[in-house]
>>> print(open('protein21.pdb').read())   # PDB, C-alpha atoms
ATOM      1  CA  MET L   1       0.000   0.000   0.000  1.00  0.00           C
ATOM      2  CA  ASP L   2       1.245   3.489  -0.850  1.00  0.00           C
ATOM      3  CA  ALA L   3       2.097   5.940   1.899  1.00  0.00           C
ATOM      4  CA  PRO L   4      -0.478   8.701   2.455  1.00  0.00           C
ATOM      5  CA  ASN L   5      -0.095  11.699   0.153  1.00  0.00           C
ATOM      6  CA  ASP L   6       0.136  14.384   2.809  1.00  0.00           C
ATOM      7  CA  ARG L   7       1.928  17.079   0.759  1.00  0.00           C
ATOM      8  CA  PRO L   8      -0.049  17.137  -2.529  1.00  0.00           C
ATOM      9  CA  TRP L   9       1.096  20.683  -3.391  1.00  0.00           C
ATOM     10  CA  GLN L  10       4.578  19.223  -3.835  1.00  0.00           C
ATOM     11  CA  ARG L  11       3.596  16.646  -6.469  1.00  0.00           C
ATOM     12  CA  ASP L  12      -0.038  16.923  -7.626  1.00  0.00           C
ATOM     13  CA  TYR L  13      -0.620  20.611  -8.333  1.00  0.00           C
ATOM     14  CA  THR L  14       0.975  24.045  -8.271  1.00  0.00           C
ATOM     15  CA  ILE L  15      -0.538  27.134  -6.687  1.00  0.00           C
ATOM     16  CA  LYS L  16       0.987  30.439  -5.621  1.00  0.00           C
ATOM     17  CA  GLN L  17       1.602  29.492  -1.978  1.00  0.00           C
ATOM     18  CA  THR L  18       0.895  26.836   0.634  1.00  0.00           C
ATOM     19  CA  LEU L  19       1.898  27.272   4.266  1.00  0.00           C
ATOM     20  CA  VAL L  20       1.363  24.608   6.913  1.00  0.00           C
ATOM     21  CA  LEU L  21       0.407  26.658   9.984  1.00  0.00           C
ATOM     22  CA  ALA L  22      -0.089  23.778  12.406  1.00  0.00           C
ATOM     23  CA  GLU L  23       0.183  20.021  12.200  1.00  0.00           C
ATOM     24  CA  ILE L  24      -0.216  17.404  14.891  1.00  0.00           C
ATOM     25  CA  PRO L  25      -1.511  13.825  14.638  1.00  0.00           C
ATOM     26  CA  GLY L  26      -5.172  14.089  13.729  1.00  0.00           C
ATOM     27  CA  LEU L  27      -5.213  17.798  12.764  1.00  0.00           C
ATOM     28  CA  ARG L  28      -3.658  20.082  10.187  1.00  0.00           C
ATOM     29  CA  ILE L  29      -4.274  23.735   9.335  1.00  0.00           C
ATOM     30  CA  ILE L  30      -2.994  25.133   6.044  1.00  0.00           C
ATOM     31  CA  ASP L  31      -3.045  28.602   4.495  1.00  0.00           C
ATOM     32  CA  GLN L  32      -3.201  28.661   0.698  1.00  0.00           C
ATOM     33  CA  THR L  33      -3.068  31.476  -1.830  1.00  0.00           C
ATOM     34  CA  LEU L  34      -4.349  30.905  -5.359  1.00  0.00           C
ATOM     35  CA  SER L  35      -3.682  33.249  -8.258  1.00  0.00           C
ATOM     36  CA  PRO L  36      -6.500  33.845 -10.760  1.00  0.00           C
ATOM     37  CA  GLY L  37      -7.298  30.617 -12.614  1.00  0.00           C
ATOM     38  CA  GLU L  38      -5.371  28.350 -10.250  1.00  0.00           C
ATOM     39  CA  ARG L  39      -7.064  25.331  -8.731  1.00  0.00           C
ATOM     40  CA  VAL L  40      -6.629  22.383  -6.431  1.00  0.00           C
ATOM     41  CA  PRO L  41      -7.685  19.459  -8.671  1.00  0.00           C
ATOM     42  CA  TRP L  42     -10.488  16.974  -8.007  1.00  0.00           C
ATOM     43  CA  HIS L  43      -9.668  14.818  -5.017  1.00  0.00           C
ATOM     44  CA  LEU L  44     -11.036  13.360  -1.808  1.00  0.00           C
ATOM     45  CA  HIS L  45      -9.796  12.560   1.674  1.00  0.00           C
ATOM     46  CA  PRO L  46     -10.759   9.096   2.986  1.00  0.00           C
ATOM     47  CA  ASP L  47     -10.418   9.982   6.675  1.00  0.00           C
ATOM     48  CA  SER L  48     -10.570  13.767   7.035  1.00  0.00           C
ATOM     49  CA  ASP L  49     -13.007  16.599   6.415  1.00  0.00           C
ATOM     50  CA  ASP L  50     -11.997  19.896   4.812  1.00  0.00           C
ATOM     51  CA  LEU L  51     -13.285  23.014   6.546  1.00  0.00           C
ATOM     52  CA  PHE L  52     -12.588  25.928   4.190  1.00  0.00           C
ATOM     53  CA  ILE L  53     -12.509  29.502   5.461  1.00  0.00           C
ATOM     54  CA  CYS L  54     -12.054  32.344   2.979  1.00  0.00           C
ATOM     55  CA  LEU L  55      -9.563  34.913   4.264  1.00  0.00           C
ATOM     56  CA  ARG L  56      -9.584  37.274   1.269  1.00  0.00           C
ATOM     57  CA  GLY L  57     -10.936  37.378  -2.255  1.00  0.00           C
ATOM     58  CA  THR L  58     -13.395  34.760  -3.478  1.00  0.00           C
ATOM     59  CA  PHE L  59     -13.085  31.145  -4.558  1.00  0.00           C
ATOM     60  CA  GLU L  60     -15.287  28.261  -5.617  1.00  0.00           C
ATOM     61  CA  ILE L  61     -15.637  24.791  -4.139  1.00  0.00           C
ATOM     62  CA  HIS L  62     -17.035  22.264  -6.605  1.00  0.00           C
ATOM     63  CA  GLU L  63     -18.542  19.015  -5.342  1.00  0.00           C
ATOM     64  CA  ILE L  64     -20.422  16.036  -6.738  1.00  0.00           C
ATOM     65  CA  ASN L  65     -23.028  13.828  -5.035  1.00  0.00           C
ATOM     66  CA  PRO L  66     -24.902  16.104  -5.709  1.00  0.00           C
ATOM     67  CA  ASP L  67     -23.241  18.435  -8.223  1.00  0.00           C
ATOM     68  CA  LYS L  68     -22.885  21.832  -6.601  1.00  0.00           C
ATOM     69  CA  LYS L  69     -20.742  24.932  -6.568  1.00  0.00           C
ATOM     70  CA  THR L  70     -20.230  26.998  -3.409  1.00  0.00           C
ATOM     71  CA  VAL L  71     -18.713  30.471  -3.749  1.00  0.00           C
ATOM     72  CA  LEU L  72     -16.981  31.750  -0.635  1.00  0.00           C
ATOM     73  CA  LYS L  73     -16.165  35.379   0.119  1.00  0.00           C
ATOM     74  CA  ALA L  74     -14.033  36.745   2.962  1.00  0.00           C
ATOM     75  CA  LEU L  75     -14.874  35.192   6.353  1.00  0.00           C
ATOM     76  CA  GLU L  76     -17.346  32.669   4.923  1.00  0.00           C
ATOM     77  CA  ARG L  77     -16.804  28.951   5.530  1.00  0.00           C
ATOM     78  CA  HIS L  78     -17.858  25.628   4.073  1.00  0.00           C
ATOM     79  CA  LEU L  79     -17.380  22.006   5.177  1.00  0.00           C
ATOM     80  CA  VAL L  80     -16.657  19.194   2.723  1.00  0.00           C
ATOM     81  CA  PRO L  81     -17.095  15.871   4.562  1.00  0.00           C
ATOM     82  CA  LYS L  82     -14.553  13.086   4.285  1.00  0.00           C
ATOM     83  CA  ARG L  83     -14.834  10.813   1.229  1.00  0.00           C
ATOM     84  CA  GLU L  84     -16.616  13.562  -0.800  1.00  0.00           C
ATOM     85  CA  PRO L  85     -14.935  14.429  -4.131  1.00  0.00           C
ATOM     86  CA  HIS L  86     -14.232  18.137  -4.489  1.00  0.00           C
ATOM     87  CA  MET L  87     -12.003  20.740  -6.122  1.00  0.00           C
ATOM     88  CA  VAL L  88     -11.150  24.355  -5.340  1.00  0.00           C
ATOM     89  CA  LEU L  89     -10.937  27.024  -8.047  1.00  0.00           C
ATOM     90  CA  ASN L  90     -10.047  30.696  -8.087  1.00  0.00           C
ATOM     91  CA  ALA L  91     -12.364  31.828 -10.886  1.00  0.00           C
ATOM     92  CA  SER L  92     -11.909  35.510 -10.007  1.00  0.00           C
ATOM     93  CA  ASN L  93      -9.524  38.092 -11.444  1.00  0.00           C
ATOM     94  CA  ASP L  94      -7.764  38.563  -8.091  1.00  0.00           C
ATOM     95  CA  GLU L  95      -5.775  36.371  -5.725  1.00  0.00           C
ATOM     96  CA  CYS L  96      -7.679  34.520  -3.038  1.00  0.00           C
ATOM     97  CA  GLN L  97      -6.451  33.216   0.297  1.00  0.00           C
ATOM     98  CA  LEU L  98      -8.044  30.405   2.246  1.00  0.00           C
ATOM     99  CA  LEU L  99      -7.530  28.557   5.458  1.00  0.00           C
ATOM    100  CA  THR L 100      -8.228  24.824   5.448  1.00  0.00           C
ATOM    101  CA  VAL L 101      -8.736  22.953   8.708  1.00  0.00           C
ATOM    102  CA  GLN L 102      -8.340  19.198   8.299  1.00  0.00           C
ATOM    103  CA  PRO L 103      -9.274  17.040  11.299  1.00  0.00           C
ATOM    104  CA  GLY L 104      -8.485  13.348  11.016  1.00  0.00           C
ATOM    105  CA  ASN L 105      -5.803  11.344   9.249  1.00  0.00           C
ATOM    106  CA  TYR L 106      -4.875  13.306   6.145  1.00  0.00           C
ATOM    107  CA  ASP L 107      -4.470  11.666   2.738  1.00  0.00           C
ATOM    108  CA  PHE L 108      -5.006  13.430  -0.624  1.00  0.00           C
ATOM    109  CA  ARG L 109      -6.459  11.056  -3.215  1.00  0.00           C
ATOM    110  CA  ARG L 110      -6.322  12.648  -6.646  1.00  0.00           C
ATOM    111  CA  LEU L 111      -9.262  11.899  -8.965  1.00  0.00           C
ATOM    112  CA  PRO L 112      -7.857  12.493 -12.462  1.00  0.00           C
ATOM    113  CA  LYS L 113     -10.894  10.996 -14.208  1.00  0.00           C
ATOM    114  CA  LEU L 114     -13.034  13.779 -12.720  1.00  0.00           C
ATOM    115  CA  ASP L 115     -10.501  16.355 -13.952  1.00  0.00           C
ATOM    116  CA  GLU L 116     -10.935  14.937 -17.457  1.00  0.00           C
ATOM    117  CA  LYS L 117     -14.707  14.569 -17.277  1.00  0.00           C
ATOM    118  CA  LYS L 118     -15.664  17.733 -15.453  1.00  0.00           C
ATOM    119  CA  GLY L 119     -12.809  20.063 -16.359  1.00  0.00           C
ATOM    120  CA  PRO L 120     -11.928  23.164 -14.341  1.00  0.00           C
ATOM    121  CA  GLY L 121     -14.880  24.964 -12.834  1.00  0.00           C
ATOM    122  CA  SER L 122     -17.471  22.884 -14.629  1.00  0.00           C
ATOM    123  CA  ASN L 123     -20.427  22.815 -12.208  1.00  0.00           C
TER     124      ASN L 123
END
>>> encode(input="protein21.pdb", output="structure tokens")
Amino acid sequence: MDAPNDRPWQRDYTIKQTLVLAEIPGLRIIDQTLSPGERVPWHLHPDSDDLFICLRGTFEIHEINPDKKTVLKALERHLVPKREPHMVLNASNDECQLLTVQPGNYDFRRLPKLDEKKGPGSN
């Protein structure tokens, strides 16, 4: 079995900046900045939720089961439960910054078939 992918920004995608603010067993908090058009590709986490908090700008969270798009503005938040496929997209013309709180055992499972099928920002 492969080791958990706990640093996906180092091998699965490129965005302007990712900072790990805190990390202990069972909890991680990361601060990410996305330039216009950048995205975190379709993926899921088998054993951790993603609680997104918008710090500045706006960004979109795309989910399936059911298909939906949530647009977050500064200080708004949204929870994506574990095992739910999702992607994050900066569809705006400005940078966005988000905080992601991840309770549980973190593992990033890329879903390339959804990238192909749904494309960026396709909800």
>>> closest_residue(input="protein21.pdb", among="L:Arg110, L:Leu99, L:Arg7, L:Arg83", to="Pro46 (chain L)", atoms="only C-alpha atoms")
L:Arg83
>>> atom_distance(input="protein21.pdb", atom1="CA of Glu63 (chain L)", atom2="CA of Ile24 (chain L)")
27.3 Å
>>> atom_distance(input="protein21.pdb", atom1="CA of Thr100 (chain L)", atom2="CA of Arg56 (chain L)")
13.2 Å
>>> residues_around(input="protein21.pdb", residues="Leu27 (chain L)", least_positions_apart="5", cutoff="10 Å", atoms="only C-alpha atoms", output="PyMOL selection string")
chain L and resi 22+48+101-106
>>> closest_residue(input="protein21.pdb", among="L:Tyr13, L:Thr18, L:Glu23, L:Ile29", to="Met87 (chain L)", atoms="only C-alpha atoms")
L:Tyr13
>>> residues_around(input="protein21.pdb", residues="His62 (chain L)", least_positions_apart="6", cutoff="12 Å", atoms="all atoms listed in the file", output="ChimeraX atom specification")
/L:39-44,68-72,78-80,84-91,114-115,118-123
>>> closest_residue(input="protein21.pdb", among="L:Gly57, L:Pro25, L:Pro112, L:Gly37", to="Asp12 (chain L)", atoms="all atoms listed in the file")
L:Pro112
>>> closest_residue(input="protein21.pdb", among="L:Leu34, L:Ile15, L:Val20, L:Ile61", to="Asp94 (chain L)", atoms="all atoms listed in the file")
L:Leu34
>>> residues_around(input="protein21.pdb", residues="Gln17 (chain L)", least_positions_apart="6", cutoff="10 Å", atoms="only C-alpha atoms", output="number ranges by chain")
L: 9, 31-35, 97
>>> closest_residue(input="protein21.pdb", among="L:Lys73, L:Asp107, L:Glu116, L:Glu95", to="Gly26 (chain L)", atoms="all atoms listed in the file")
L:Asp107
>>> atom_distance(input="protein21.pdb", atom1="CA of Leu55 (chain L)", atom2="CA of Arg109 (chain L)")
25.2 Å
>>> build_atoms(input="protein21.pdb", residues="region 106-118 of chain L", atoms="N, CA and C atoms", output="PDB file, keeping the file's coordinate frame")
ATOM      1  N   TYR L 106      -4.872  12.651   7.446  1.00  0.00           N
ATOM      2  CA  TYR L 106      -4.875  13.306   6.145  1.00  0.00           C
ATOM      3  C   TYR L 106      -4.273  12.431   5.054  1.00  0.00           C
ATOM      4  N   ASP L 107      -4.973  12.334   3.936  1.00  0.00           N
ATOM      5  CA  ASP L 107      -4.470  11.666   2.738  1.00  0.00           C
ATOM      6  C   ASP L 107      -5.202  12.288   1.551  1.00  0.00           C
ATOM      7  N   PHE L 108      -4.466  12.801   0.577  1.00  0.00           N
ATOM      8  CA  PHE L 108      -5.006  13.430  -0.624  1.00  0.00           C
ATOM      9  C   PHE L 108      -5.076  12.381  -1.713  1.00  0.00           C
ATOM     10  N   ARG L 109      -6.277  12.038  -2.147  1.00  0.00           N
ATOM     11  CA  ARG L 109      -6.459  11.056  -3.215  1.00  0.00           C
ATOM     12  C   ARG L 109      -6.926  11.793  -4.468  1.00  0.00           C
ATOM     13  N   ARG L 110      -6.030  11.954  -5.392  1.00  0.00           N
ATOM     14  CA  ARG L 110      -6.322  12.648  -6.646  1.00  0.00           C
ATOM     15  C   ARG L 110      -7.335  11.838  -7.444  1.00  0.00           C
ATOM     16  N   LEU L 111      -8.232  12.534  -8.145  1.00  0.00           N
ATOM     17  CA  LEU L 111      -9.262  11.899  -8.965  1.00  0.00           C
ATOM     18  C   LEU L 111      -9.137  12.412 -10.401  1.00  0.00           C
ATOM     19  N   PRO L 112      -8.118  11.954 -11.122  1.00  0.00           N
ATOM     20  CA  PRO L 112      -7.857  12.493 -12.462  1.00  0.00           C
ATOM     21  C   PRO L 112      -8.993  12.272 -13.455  1.00  0.00           C
ATOM     22  N   LYS L 113      -9.780  11.217 -13.281  1.00  0.00           N
ATOM     23  CA  LYS L 113     -10.894  10.996 -14.208  1.00  0.00           C
ATOM     24  C   LYS L 113     -11.938  12.096 -14.087  1.00  0.00           C
ATOM     25  N   LEU L 114     -12.116  12.659 -12.875  1.00  0.00           N
ATOM     26  CA  LEU L 114     -13.034  13.779 -12.720  1.00  0.00           C
ATOM     27  C   LEU L 114     -12.451  15.039 -13.355  1.00  0.00           C
ATOM     28  N   ASP L 115     -11.148  15.225 -13.276  1.00  0.00           N
ATOM     29  CA  ASP L 115     -10.501  16.355 -13.952  1.00  0.00           C
ATOM     30  C   ASP L 115     -10.802  16.303 -15.450  1.00  0.00           C
ATOM     31  N   GLU L 116     -10.694  15.108 -16.024  1.00  0.00           N
ATOM     32  CA  GLU L 116     -10.935  14.937 -17.457  1.00  0.00           C
ATOM     33  C   GLU L 116     -12.406  15.140 -17.801  1.00  0.00           C
ATOM     34  N   LYS L 117     -13.283  14.551 -17.000  1.00  0.00           N
ATOM     35  CA  LYS L 117     -14.707  14.569 -17.277  1.00  0.00           C
ATOM     36  C   LYS L 117     -15.331  15.941 -17.013  1.00  0.00           C
ATOM     37  N   LYS L 118     -15.006  16.517 -15.869  1.00  0.00           N
ATOM     38  CA  LYS L 118     -15.664  17.733 -15.453  1.00  0.00           C
ATOM     39  C   LYS L 118     -14.893  18.996 -15.841  1.00  0.00           C
TER      40      LYS L 118
END
